[in-house]
Each structure stands twice: as C-alpha cells, then as structure tokens.
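Quick notes on the structure that follows.
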Amino acid sequence: MALQITVDLEGCKGYACCMMEAPELFDIDDETGKAILLEERPSADRAEEAERAARSCPASVILVRNG
Amino acid sequence: MNRVVIVGASLAAVHVIEGLRRNGYQGEIQLVGAEPQLPYDRPPLSKEALRAGPELDRLLLKEPGWYGTQAVELCLGTAAVGLDTRARQVVLEGGRELPYDGLVIATGGTARSLGGPEEVGPVHVIRSVADTAALHEQLVPGRHLVVIGAGFIGLEVAATAREMGLDVSVVEAAPVPLTRVLGGEAGAWFRDHHLANGVDLRCGSALEQVEVTSRGTKIQLVDGTVLAADVVVAGIGAVPATGWLDGSGVHVADGVVCDPTLRASAPGVVAAGDVARWHHPLFGQTMRVEQWRNAVEQGGRAALSLLGDTDAFAAVPYFWSDQFDAKVRFVGVAGGADTMHVEQTGDTSMVALFGRDGVIRGALCVNAPRLLARYQKAIVEQVAWGDVTGTG
Ligand SMILES: Cc1cc2nc3c(=O)[nH]c(=O)nc-3n(C[C@H](O)[C@H](O)[C@H](O)COP(=O)(O)OP(=O)(O)OC[C@H]3O[C@@H](n4cnc5c(N)ncnc54)[C@H](O)[C@@H]3O)c2cc1C
Ligand code: SF4
C-alpha cells in the first residue's frame with residue numbers, strides 16, 4: 001500500500017517547515033515561495049516521515065492518507 | 001502512570017497530548033490554562049491577525065471537538081499558582097488541587113514590559129490574542145506608532161503597521177536590529193530593508209522615558225530626541241512564566257532547567273516549549289528556544305520522556321519571520337558564534353552563515369529557502385566551516 005500526500009497550496013504560507021522535516025518529500029519553489037511535493041504517493045514505509053512533516057506545518061495544509 | 005497534568009494550554013501542550021496518545025498512553029490528561037481560549041497559534045498575532053483583527057476560530061490549533069476525542073479534561077481560564085512536588089499536586093487559582101503522576105510544564109513566556117504600568121501608561125505588548133485585539137483597534141492609518149525594540153516581534157509589528165498605512169518609528173538601543181541574535185552584518189541588512197520600506201528606524205537610540213500626556217505619548221530618547229506617538233508597543237522580549245513554581249523545589253534559572261531528555265529536577269516532571277532550558281547535545285550548551293517548531297518537537301519529546309523514553313532532545317532549531325516581502329528563515333543557532341560569513345547579499349535576499357569551533361552552527365536565509373535543508377544537514381553533521389563557506 002502507498003501513501004497519498006496532498007498540500008493545499010492556497011493555504012501554504014511557505015514557512016518551509018515541511019522541507020526541514022522531510023527534505024526528500026518536500027521542496028520549496030523559489031518563485032512562488034510555496035511547497036513543492038516531491039512524491040505524491042510514497043511507499044507506506046515513509047508514513048512516519050510524512051506525518052512528521054504534516055504535524056510540523058504551521059498552516060496545517062498537509063494531509064497524509066493511506067491508499 | 002495514570003494521571004498527566006499539563007500546565008499551560010498552548011502549542012507545546014497540544015503536541016504533548018498528541019505525543020502521549022500516539023504512543024499508547026490511555027490514562028487521564030488534564031490541561032490547565034490561564035487564558036480562557038482553547039489553545040491558539042501565536043505567530044499570526046504580529047502578522048496577518050494584527051492586520052485584519054484576530055478571529056479566534058482561524059487561530060485555534062485544534063478544533064474544539066478534538067479535545068473530547070483525545071479524552072482531555074480542560075481547565076481553562078484558571079492559572080496554576082503553586083506546585084507541591086512531594087505530594088505531586090498542582091494548586092490552581094481558587095484552591096483546587098490536581099494530583100499527578102506526570103506533570104508537564106508548558107507555561108511559555110510573558111512579554112517583558114517597560115516597567116510598572118503606572119510608570120509608562122498605555123504601552124502595548126504582543127503575546128496573546130487579547131493583546132493583538134487591543135493593538136489592532138489602535139492601528140488607524142495616519143497615526144504614529146512607536147515600537148520600542150527592534151527584535152523579531154517588534155520588526156514584524158512595525159512592518160504590519162506600515163503596510164496598514166501608519167507612520168512607524170522603531171527605537172533600538174543597539175547599532176543595528178537583531179544584534180543580540182544575528183550580529184552586526186546581518187542586522188544591517190534588516191535595517192536597510194526597513195528603512196527602504198519607510199520605517200523610521202532609529203538604531204543606537206536608547207530610551208530615556210515614556211511620558212503620557214492628554215494629547216498622546218512622548219517618547220524621550222537619551223540623545224534628547226522626543227517622538228510624539230499615538231500608539232506605543234514594547235517589543236523587548238519575553239520572560240519565562242515560572243512564577244508559579246516558586247518554592248516548589250523545581251530548579252529554575254531563566255526557564256525550567258531540564259536534563260537533555262527534558263526532565264526537570266523533580267520526579268515525574270518534564271518541561272517543553274518556550275519555558276524549557278535544556279542541554280543541547282549537538283551544540284554543547286544549555287539553551288532556551290522561543291520558536292514555534294521547538295515547541296512542537298519538544299512537546300513530542302516531553303511526552304516520550306514521561307512515558308519512560310531516555311533519548312535526548314537534539315533537534316536543530318528552525319524559525320521563520322515575515323517582514324514586508326522578506327521571508328526570513330533561520331536554522332541552527334547564531335548565539336555564541338565566533339565567526340560569520342555572508343554567502344550572498346542583495347536588495348531582496350541574503351544568506352549568512354554562523355560558525356563556532358571550526359564547524360557550521362547556523363544559517364540565515366532571506367528569500368532563499370531552498371538552501372535551508374542543505375544547511376540543516378551540514379549543521380547536524382558538524383561540517384567543517386571551511387567546507388561550507390568555501391574558504392577552507
Ligand atoms: C507575537 C508572536 C509572534 C511569533 N512569531 C513567530 C514566528 O514567526 N516564528 C516562530 O518560529 N515563532 C514565533 N513565535 C514564537 C512561538 O509562538 C512560541 O515559540 C510558541 O507559542 C511557544 O509555545 P509554548 O506552548 O511553549 O508557550 P506559549 O505559546 O507562550 O503558551 C504558554 C501558555 O501557558 C499559559 N500560562 C502561563 N502561566 C500559566 C500558569 N501559571 N497557569 C496556567 N497557564 C499558564 C499562558 O497563558 C499561555 O497560554 C511568536 C510568538 C509571538 C508571541
Ligand atoms: S510547512 Fe506548510 S505552510 Fe510551510 S511550506 Fe510546507 S506546506 Fe507550506
């Protein structure tokens with residue numbers, strides 16, 4: 001099973017906490033200053049990393065689901 | 001362990017609750033908070049919530065129903081006033097006693113004021129949603145705001161008020177803003193940025209006195225200058241909220257003194273967030289960090305420590321600050337640096353590195369976010385100064 005990560009870019013404030021927490025899943029766009037999701041469907045063994053990033057997002061715009 | 005009491009209902013507390021439940025703790029949790037509101041987020045208080053006026057719904061860290069689903073008993077609007085570490089009881093305002101097996105101290109900080117209110121008159125501070133609501137009312141275009149202190153929060157308030165159409169002066173005793181945190185060269189960039197955006201930034205100006213008259217407030221500087229202000233904000237830092245621990249035996253010295261695992265000096269007691277001082281294994285020094293991410297991560301670590309885990313808290317600090325169009329990001333520590341290197345600087349961006357004992361310890365990136373993750377890795381790996389700066 002894989003994970004499904006989504007980022008609500010409208011609410012993203014570009015704080016970059018996601019990238020600091022999980023640099024292999026998130027990057028920041030130099031132009032817009034907003035998050036770039038590097039892997040939308042990482043394998044399930046990345047769940048902890050993804051959830052840590054979601055918890056660390058001050059704007060609470062990262063959603064991690066199974067499936 | 002079957003009864004956990006958390007004192008201080010804010011960011012660190014919410015992450016303690018998450019950490020406890022995520023790791024299988026099923027006992028009671030009581031959350032004690034001095035403010036009447038459910039835990040809310042503070043960074044917007046000097047930024048968008050100050051501009052638009054704070055709406056509590058939009059600031060809440062968790063929706064109201066969440067506390068029920070986590071089986072948390074809320075005791076809000078009630079300050080803790082004492083602690084008996086031998087009987088293991090927290091004493092609340094009004095006399096109620098809460099026994100605990102595990103206690104989390106998460107009382108954060110209180111904004112430092114200029115002196116007694118009777119001495120300085122209506123000087124605003126910004127720490128709570130109530131503070132922001134009161135200041136927002138006063139930020140009317142065309143008025144003159146004077147901010148005392150060019151720290152991060154003072155500069156954010158200045159930028160917000162300027163964008164709202166006020167005349168803004170900032171009075172700072174040091175030669176450039178943010179010297180205490182960043183040192184001269186990086187601070188100078190912030191000075192130029194604020195000057196370019198029309199802030200009347202007066203560095204090297206020590207405050208002599210604040211005088212309240214019927215026609216407004218007069219700010220007198222040591223050099224004799226007098227500024228007439230409609231609104232005054234003191235942004236001169238915060239002090240850890242530890243008064244309620246007096247006499248408890250919990251060791252306090254500019255914060256609750258903890259071991260590397262965030263355990264305080266009494267059994268069953270841990271601390272997290274702005275109030276906690278601990279020994280950082282990577283940086284080899286005791287520190288207290290007043291930053292959002294630190295409160296989140298310490299909340300999680302304090303929960304694990306209560307549950308018996310013995311890992312040290314060694315996360316690298318990271319924070320952001322938005323001032324006009326400058327997205328300021330800082331990873332690591334700058335305090336105690338013995339060397340500094342400006343990697344790049346321009347009108348709209350800057351990157352500066354901080355080092356000590358031959359390794360990189362901190363990096364400031366303004367409008368240059370993509371480098372942050374790389375520098376964080378270099379800090380964790382204690383990469384040699386010359387290798388990061390290309391000067392080695
Ligand atoms: C205006 C402002 C802007 C900020 N901007 C940023 C930013 O841009 N980036 C960033 O990284 N960080 C920022 N921060 C810092 C960040 O908000 C704090 O690090 C964070 O709030 C710390 O959380 P905490 O839970 O440790 O403490 P706090 O949020 O301070 O909460 C402590 C709580 O404990 C309560 N309390 C105190 N004493 C008692 C008592 N005796 N009994 C019961 N309750 C008590 C208080 O009322 C308060 O609700 C900002 C802070 C402020 C104030
Ligand atoms: S942490 Fe959240 S707000 Fe910040 S860049 Fe990532 S998604 Fe955006």
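Letters for chains follow the order of the structure tokens (A, B, ...), residue numbers begin at 1 for each chain, and ligand numbers begin at 1 in the order shown.
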
Contact residues around Leu38 in chain A with only C-alpha atoms at 9 Å, ignoring same-chain residues under 4 positions, as a PyMOL selection string: chain A and resi 23-27

Quick one: write out the picked residues with C-alpha atoms as a short mmCIF file (atom, residue, chain, number, x, y, z; two decimals), in the first residue's frame?
```
data_model
loop_
_atom_site.label_atom_id
_atom_site.label_comp_id
_atom_site.auth_asym_id
_atom_site.auth_seq_id
_atom_site.Cartn_x
_atom_site.Cartn_y
_atom_site.Cartn_z
CA PRO A 23 13.55 17.09 2.60
CA GLU A 24 13.01 14.02 0.47
CA LEU A 25 9.27 14.60 0.29
CA PHE A 26 9.10 18.40 0.12
CA ASP A 27 10.95 21.25 -1.53
#
```

Site check for ligand 1: residues at most 6 Å away, only C-alpha atoms and all ligand atoms, as a ChimeraX atom specification: /B:7-13,32-35,42-43,45-46,79-81,106-109,126-127,153,241,244,273-275,290-293,295,319-321

Interface residues on chain A facing chain B, 9 Å, only C-alpha atoms, written as number ranges by chain: A: 14-17, 19-23, 27-30, 33, 55-58, 60

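Distances here use only C-alpha atoms; by that measure, the residue among B:Gly165, B:Pro44, B:Gly358, B:Gly77 closest to Leu31 in chain B is B:Gly77.
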
Shell around Arg41 in chain A at 10 Å using only C-alpha atoms, local window under 6 positions removed, as number ranges by chain: A: 1-6, 25, 64-67

Suppose we keep all heavy atoms; can you now write the selection as a PDB file, in the first residue's frame?
```
ATOM      1  N   MET A   1       0.823  -1.199   0.000  1.00  0.00           N
ATOM      2  CA  MET A   1       0.000   0.000   0.000  1.00  0.00           C
ATOM      3  C   MET A   1       0.865   1.259   0.000  1.00  0.00           C
ATOM      4  O   MET A   1       1.928   1.271   0.598  1.00  0.00           O
ATOM      5  CB  MET A   1      -0.907  -0.002   1.235  1.00  0.00           C
ATOM      6  CG  MET A   1      -2.276   0.494   0.849  1.00  0.00           C
ATOM      7  SD  MET A   1      -3.564   0.274   2.095  1.00  0.00           S
ATOM      8  CE  MET A   1      -2.912   0.943   3.578  1.00  0.00           C
ATOM      9  N   ALA A   2       0.374   2.269  -0.657  1.00  0.00           N
ATOM     10  CA  ALA A   2       1.128   3.524  -0.709  1.00  0.00           C
ATOM     11  C   ALA A   2       0.428   4.586   0.130  1.00  0.00           C
ATOM     12  O   ALA A   2      -0.677   4.371   0.626  1.00  0.00           O
ATOM     13  CB  ALA A   2       1.253   3.999  -2.152  1.00  0.00           C
ATOM     14  N   LEU A   3       1.111   5.697   0.291  1.00  0.00           N
ATOM     15  CA  LEU A   3       0.504   6.830   0.986  1.00  0.00           C
ATOM     16  C   LEU A   3       0.042   7.830  -0.054  1.00  0.00           C
ATOM     17  O   LEU A   3       0.540   7.851  -1.174  1.00  0.00           O
ATOM     18  CB  LEU A   3       1.543   7.540   1.862  1.00  0.00           C
ATOM     19  CG  LEU A   3       2.185   6.768   2.990  1.00  0.00           C
ATOM     20  CD1 LEU A   3       3.341   7.588   3.532  1.00  0.00           C
ATOM     21  CD2 LEU A   3       1.167   6.488   4.065  1.00  0.00           C
ATOM     22  N   GLN A   4      -0.877   8.673   0.353  1.00  0.00           N
ATOM     23  CA  GLN A   4      -1.311   9.744  -0.532  1.00  0.00           C
ATOM     24  C   GLN A   4      -1.107  11.061   0.233  1.00  0.00           C
ATOM     25  O   GLN A   4      -1.709  11.273   1.278  1.00  0.00           O
ATOM     26  CB  GLN A   4      -2.787   9.535  -0.855  1.00  0.00           C
ATOM     27  CG  GLN A   4      -3.465  10.730  -1.475  1.00  0.00           C
ATOM     28  CD  GLN A   4      -3.599  10.563  -2.972  1.00  0.00           C
ATOM     29  OE1 GLN A   4      -4.026   9.514  -3.452  1.00  0.00           O
ATOM     30  NE2 GLN A   4      -3.222  11.588  -3.713  1.00  0.00           N
ATOM     31  N   ILE A   5      -0.221  11.916  -0.287  1.00  0.00           N
ATOM     32  CA  ILE A   5       0.024  13.209   0.379  1.00  0.00           C
ATOM     33  C   ILE A   5      -0.594  14.308  -0.464  1.00  0.00           C
ATOM     34  O   ILE A   5      -0.450  14.315  -1.690  1.00  0.00           O
ATOM     35  CB  ILE A   5       1.530  13.496   0.529  1.00  0.00           C
ATOM     36  CG1 ILE A   5       2.251  12.316   1.200  1.00  0.00           C
ATOM     37  CG2 ILE A   5       1.753  14.768   1.345  1.00  0.00           C
ATOM     38  CD1 ILE A   5       3.729  12.540   1.415  1.00  0.00           C
ATOM     39  N   THR A   6      -1.283  15.237   0.183  1.00  0.00           N
ATOM     40  CA  THR A   6      -1.768  16.414  -0.549  1.00  0.00           C
ATOM     41  C   THR A   6      -1.384  17.674   0.222  1.00  0.00           C
ATOM     42  O   THR A   6      -1.283  17.665   1.443  1.00  0.00           O
ATOM     43  CB  THR A   6      -3.299  16.404  -0.730  1.00  0.00           C
ATOM     44  OG1 THR A   6      -3.898  16.221   0.557  1.00  0.00           O
ATOM     45  CG2 THR A   6      -3.749  15.302  -1.655  1.00  0.00           C
ATOM     46  N   LEU A  25      10.678  14.551   0.732  1.00  0.00           N
ATOM     47  CA  LEU A  25       9.272  14.603   0.291  1.00  0.00           C
ATOM     48  C   LEU A  25       8.856  16.002  -0.150  1.00  0.00           C
ATOM     49  O   LEU A  25       7.950  16.164  -0.952  1.00  0.00           O
ATOM     50  CB  LEU A  25       8.348  14.138   1.427  1.00  0.00           C
ATOM     51  CG  LEU A  25       8.467  12.670   1.852  1.00  0.00           C
ATOM     52  CD1 LEU A  25       7.540  12.381   3.031  1.00  0.00           C
ATOM     53  CD2 LEU A  25       8.138  11.750   0.689  1.00  0.00           C
ATOM     54  N   VAL A  64      -2.041  13.595   5.012  1.00  0.00           N
ATOM     55  CA  VAL A  64      -1.455  12.302   4.667  1.00  0.00           C
ATOM     56  C   VAL A  64      -2.517  11.221   4.849  1.00  0.00           C
ATOM     57  O   VAL A  64      -3.122  11.129   5.919  1.00  0.00           O
ATOM     58  CB  VAL A  64      -0.244  11.983   5.584  1.00  0.00           C
ATOM     59  CG1 VAL A  64       0.383  10.647   5.181  1.00  0.00           C
ATOM     60  CG2 VAL A  64       0.786  13.087   5.516  1.00  0.00           C
ATOM     61  N   ARG A  65      -2.756  10.465   3.805  1.00  0.00           N
ATOM     62  CA  ARG A  65      -3.738   9.384   3.891  1.00  0.00           C
ATOM     63  C   ARG A  65      -3.131   8.080   3.427  1.00  0.00           C
ATOM     64  O   ARG A  65      -2.153   8.067   2.688  1.00  0.00           O
ATOM     65  CB  ARG A  65      -4.947   9.683   2.999  1.00  0.00           C
ATOM     66  CG  ARG A  65      -5.981  10.565   3.679  1.00  0.00           C
ATOM     67  CD  ARG A  65      -7.044  10.935   2.683  1.00  0.00           C
ATOM     68  NE  ARG A  65      -6.437  11.502   1.483  1.00  0.00           N
ATOM     69  CZ  ARG A  65      -7.093  12.250   0.602  1.00  0.00           C
ATOM     70  NH1 ARG A  65      -8.353  12.501   0.774  1.00  0.00           N
ATOM     71  NH2 ARG A  65      -6.474  12.740  -0.460  1.00  0.00           N
ATOM     72  N   ASN A  66      -3.739   7.000   3.846  1.00  0.00           N
ATOM     73  CA  ASN A  66      -3.336   5.691   3.338  1.00  0.00           C
ATOM     74  C   ASN A  66      -4.106   5.394   2.073  1.00  0.00           C
ATOM     75  O   ASN A  66      -5.268   5.737   1.968  1.00  0.00           O
ATOM     76  CB  ASN A  66      -3.662   4.611   4.369  1.00  0.00           C
ATOM     77  CG  ASN A  66      -2.560   4.511   5.400  1.00  0.00           C
ATOM     78  OD1 ASN A  66      -1.380   4.548   5.064  1.00  0.00           O
ATOM     79  ND2 ASN A  66      -2.939   4.427   6.661  1.00  0.00           N
ATOM     80  N   GLY A  67      -3.443   4.740   1.123  1.00  0.00           N
ATOM     81  CA  GLY A  67      -4.211   4.250  -0.006  1.00  0.00           C
ATOM     82  C   GLY A  67      -4.014   5.026  -1.276  1.00  0.00           C
ATOM     83  O   GLY A  67      -3.376   6.010  -1.368  1.00  0.00           O
TER      84      GLY A  67
END
```

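Those residues that approach Gly335 in chain B to within 10 Å, counting only C-alpha atoms, are B:Thr179, B:Arg180, B:Val181, B:Leu182, B:Gly183, B:Met287, B:Phe354, B:Gly355, B:Arg356, B:Arg361, B:Gly362; same-chain residues fewer than 6 positions away are not listed.
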
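Atom to atom, CA of Val210 in chain B and CA of Pro54 in chain B stand 27.9 Å apart.
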
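Proximity of A:Ala47, A:Cys12, A:Ala53, A:Leu37 to ligand 2, computed with only C-alpha atoms and all ligand atoms, is greatest for A:Cys12.
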
Within 10 Å of Val257 in chain B using only C-alpha atoms, minus same-chain residues under 5 positions, as a list in words: Val250, His251, Val252, Leu262, Arg263, Ala264, Ser265, Val270, Ala271, Val275, Ala276, Arg277, Trp278, His279, Thr286, Met287 and Arg288 of chain B

Next, dump the selected residues to file, keeping only all heavy atoms, as a compact mmCIF listing (two decimals), in the first residue's frame.
```txt
# COMPACT_ATOMS: atom_id res chain seq x y z
N VAL B 250 11.46 22.94 42.10
CA VAL B 250 11.84 22.74 40.71
C VAL B 250 12.88 23.80 40.36
O VAL B 250 12.66 24.99 40.58
CB VAL B 250 10.62 22.85 39.77
CG1 VAL B 250 11.05 22.93 38.32
CG2 VAL B 250 9.68 21.67 39.97
N HIS B 251 14.00 23.34 39.84
CA HIS B 251 15.11 24.25 39.58
C HIS B 251 14.79 25.17 38.40
O HIS B 251 14.52 24.70 37.29
CB HIS B 251 16.38 23.42 39.30
CG HIS B 251 17.60 24.24 39.13
ND1 HIS B 251 18.75 23.76 38.58
CD2 HIS B 251 17.87 25.54 39.43
CE1 HIS B 251 19.67 24.71 38.55
NE2 HIS B 251 19.14 25.80 39.06
N VAL B 252 14.82 26.49 38.67
CA VAL B 252 14.51 27.48 37.65
C VAL B 252 15.70 28.44 37.53
O VAL B 252 16.20 28.93 38.54
CB VAL B 252 13.24 28.28 38.03
CG1 VAL B 252 13.05 29.47 37.10
CG2 VAL B 252 12.01 27.37 38.00
N LEU B 262 14.65 16.55 28.72
CA LEU B 262 13.59 17.49 29.10
C LEU B 262 12.95 17.17 30.45
O LEU B 262 11.89 17.69 30.78
CB LEU B 262 12.51 17.63 28.01
CG LEU B 262 13.02 18.04 26.62
CD1 LEU B 262 11.86 18.14 25.62
CD2 LEU B 262 13.77 19.37 26.68
N ARG B 263 13.62 16.31 31.24
CA ARG B 263 13.12 16.07 32.60
C ARG B 263 13.60 17.20 33.51
O ARG B 263 14.78 17.56 33.49
CB ARG B 263 13.61 14.74 33.13
CG ARG B 263 12.94 13.53 32.47
CD ARG B 263 13.53 12.20 32.97
NE ARG B 263 12.80 11.05 32.46
CZ ARG B 263 13.02 10.47 31.28
NH1 ARG B 263 13.94 10.96 30.46
NH2 ARG B 263 12.32 9.42 30.91
N ALA B 264 12.70 17.74 34.32
CA ALA B 264 13.04 18.79 35.28
C ALA B 264 13.60 18.15 36.54
O ALA B 264 13.73 16.93 36.62
CB ALA B 264 11.80 19.63 35.58
N SER B 265 13.91 18.99 37.56
CA SER B 265 14.64 18.46 38.71
C SER B 265 13.77 17.73 39.72
O SER B 265 14.27 17.25 40.72
CB SER B 265 15.39 19.61 39.40
OG SER B 265 14.45 20.56 39.88
N VAL B 270 8.33 17.09 33.57
CA VAL B 270 9.07 17.45 32.35
C VAL B 270 8.64 18.86 31.94
O VAL B 270 7.65 19.38 32.44
CB VAL B 270 8.78 16.45 31.20
CG1 VAL B 270 9.25 15.05 31.53
CG2 VAL B 270 7.29 16.45 30.84
N ALA B 271 9.42 19.46 31.03
CA ALA B 271 9.04 20.79 30.53
C ALA B 271 9.20 20.81 29.01
O ALA B 271 9.98 20.04 28.45
CB ALA B 271 9.90 21.88 31.17
N VAL B 275 9.39 27.74 27.75
CA VAL B 275 9.76 27.81 29.17
C VAL B 275 10.95 26.90 29.50
O VAL B 275 11.56 27.02 30.54
CB VAL B 275 8.53 27.43 30.04
CG1 VAL B 275 8.31 25.91 30.07
CG2 VAL B 275 8.64 27.99 31.45
N ALA B 276 11.29 25.97 28.60
CA ALA B 276 12.26 24.92 28.94
C ALA B 276 13.69 25.31 28.61
O ALA B 276 13.98 25.80 27.52
CB ALA B 276 11.89 23.63 28.20
N ARG B 277 14.58 25.10 29.53
CA ARG B 277 16.01 25.27 29.30
C ARG B 277 16.65 23.90 29.44
O ARG B 277 16.42 23.21 30.42
CB ARG B 277 16.57 26.25 30.35
CG ARG B 277 18.10 26.33 30.39
CD ARG B 277 18.56 27.47 31.29
NE ARG B 277 18.22 28.75 30.70
CZ ARG B 277 18.89 29.32 29.69
NH1 ARG B 277 19.95 28.72 29.17
NH2 ARG B 277 18.51 30.48 29.20
N TRP B 278 17.40 23.50 28.43
CA TRP B 278 17.98 22.16 28.48
C TRP B 278 19.36 22.18 27.84
O TRP B 278 19.76 23.17 27.22
CB TRP B 278 17.06 21.16 27.80
CG TRP B 278 17.25 21.00 26.32
CD1 TRP B 278 17.75 19.92 25.68
CD2 TRP B 278 16.92 21.96 25.30
NE1 TRP B 278 17.77 20.16 24.32
CE2 TRP B 278 17.27 21.39 24.06
CE3 TRP B 278 16.39 23.25 25.32
CZ2 TRP B 278 17.10 22.06 22.85
CZ3 TRP B 278 16.22 23.93 24.12
CH2 TRP B 278 16.57 23.34 22.90
N HIS B 279 20.07 21.11 28.02
CA HIS B 279 21.41 21.00 27.47
C HIS B 279 21.33 20.34 26.11
O HIS B 279 20.89 19.19 25.99
CB HIS B 279 22.31 20.19 28.41
CG HIS B 279 23.75 20.23 27.98
ND1 HIS B 279 24.31 19.27 27.17
CD2 HIS B 279 24.72 21.14 28.20
CE1 HIS B 279 25.58 19.59 26.92
NE2 HIS B 279 25.85 20.72 27.54
N THR B 286 23.69 24.88 27.21
CA THR B 286 22.28 24.92 27.62
C THR B 286 21.62 26.04 26.85
O THR B 286 22.23 27.06 26.56
CB THR B 286 22.09 25.16 29.12
OG1 THR B 286 22.52 26.47 29.42
CG2 THR B 286 22.83 24.15 29.95
N MET B 287 20.39 25.84 26.49
CA MET B 287 19.67 26.87 25.77
C MET B 287 18.18 26.81 26.04
O MET B 287 17.65 25.85 26.57
CB MET B 287 19.96 26.78 24.27
CG MET B 287 19.86 25.42 23.65
SD MET B 287 20.84 25.42 22.12
CE MET B 287 19.52 25.29 20.97
N ARG B 288 17.53 27.92 25.67
CA ARG B 288 16.07 28.03 25.75
C ARG B 288 15.69 28.64 24.42
O ARG B 288 16.31 29.60 23.98
CB ARG B 288 15.70 28.96 26.91
CG ARG B 288 14.26 28.88 27.35
CD ARG B 288 14.10 29.59 28.68
NE ARG B 288 14.35 31.02 28.58
CZ ARG B 288 13.54 31.89 28.02
NH1 ARG B 288 12.40 31.49 27.51
NH2 ARG B 288 13.85 33.17 27.95
```

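Near Gln382 in chain B, within 7 Å and counting only C-alpha atoms, sit Val359, Ile360 and Ala378 of chain B, not including residues fewer than 4 positions from it in the same chain.
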
Prev. selection, N, CA and C atoms, output as an mmCIF file, in the first residue's frame:
```cif
data_model
loop_
_atom_site.group_PDB
_atom_site.id
_atom_site.type_symbol
_atom_site.label_atom_id
_atom_site.label_comp_id
_atom_site.auth_asym_id
_atom_site.auth_seq_id
_atom_site.Cartn_x
_atom_site.Cartn_y
_atom_site.Cartn_z
ATOM 1 N N VAL B 359 33.154 24.569 13.043
ATOM 2 C CA VAL B 359 32.041 23.925 12.325
ATOM 3 C C VAL B 359 30.885 24.902 12.145
ATOM 4 N N ILE B 360 30.016 24.597 11.174
ATOM 5 C CA ILE B 360 28.854 25.450 10.954
ATOM 6 C C ILE B 360 27.805 25.161 12.026
ATOM 7 N N ALA B 378 24.122 20.079 7.105
ATOM 8 C CA ALA B 378 25.518 20.396 7.429
ATOM 9 C C ALA B 378 25.685 20.659 8.929
#
```

Distance of CA of Ile62 in chain A from CA of Cys18 in chain A, expressed in Å to one decimal place: 8.6 Å

In range 149-352 of chain B, DSSP strand (DSSP E or B) residues written as a VMD selection string: chain B and resid 167 to 172 200 to 203 207 to 213 216 to 221 226 to 229 231 to 234 238 to 240 252 256 to 257 263 269 to 271 276 to 280 285 to 287 318 to 323 326 to 332 339 to 345 350 to 352

Secondary structure check, helix (DSSP H, G or I) residues of range 29-217 of chain B, as a VMD selection string: chain B and resid 43 to 46 48 to 52 56 to 59 66 to 69 117 to 120 129 to 138 152 to 163 179 to 182 184 to 196
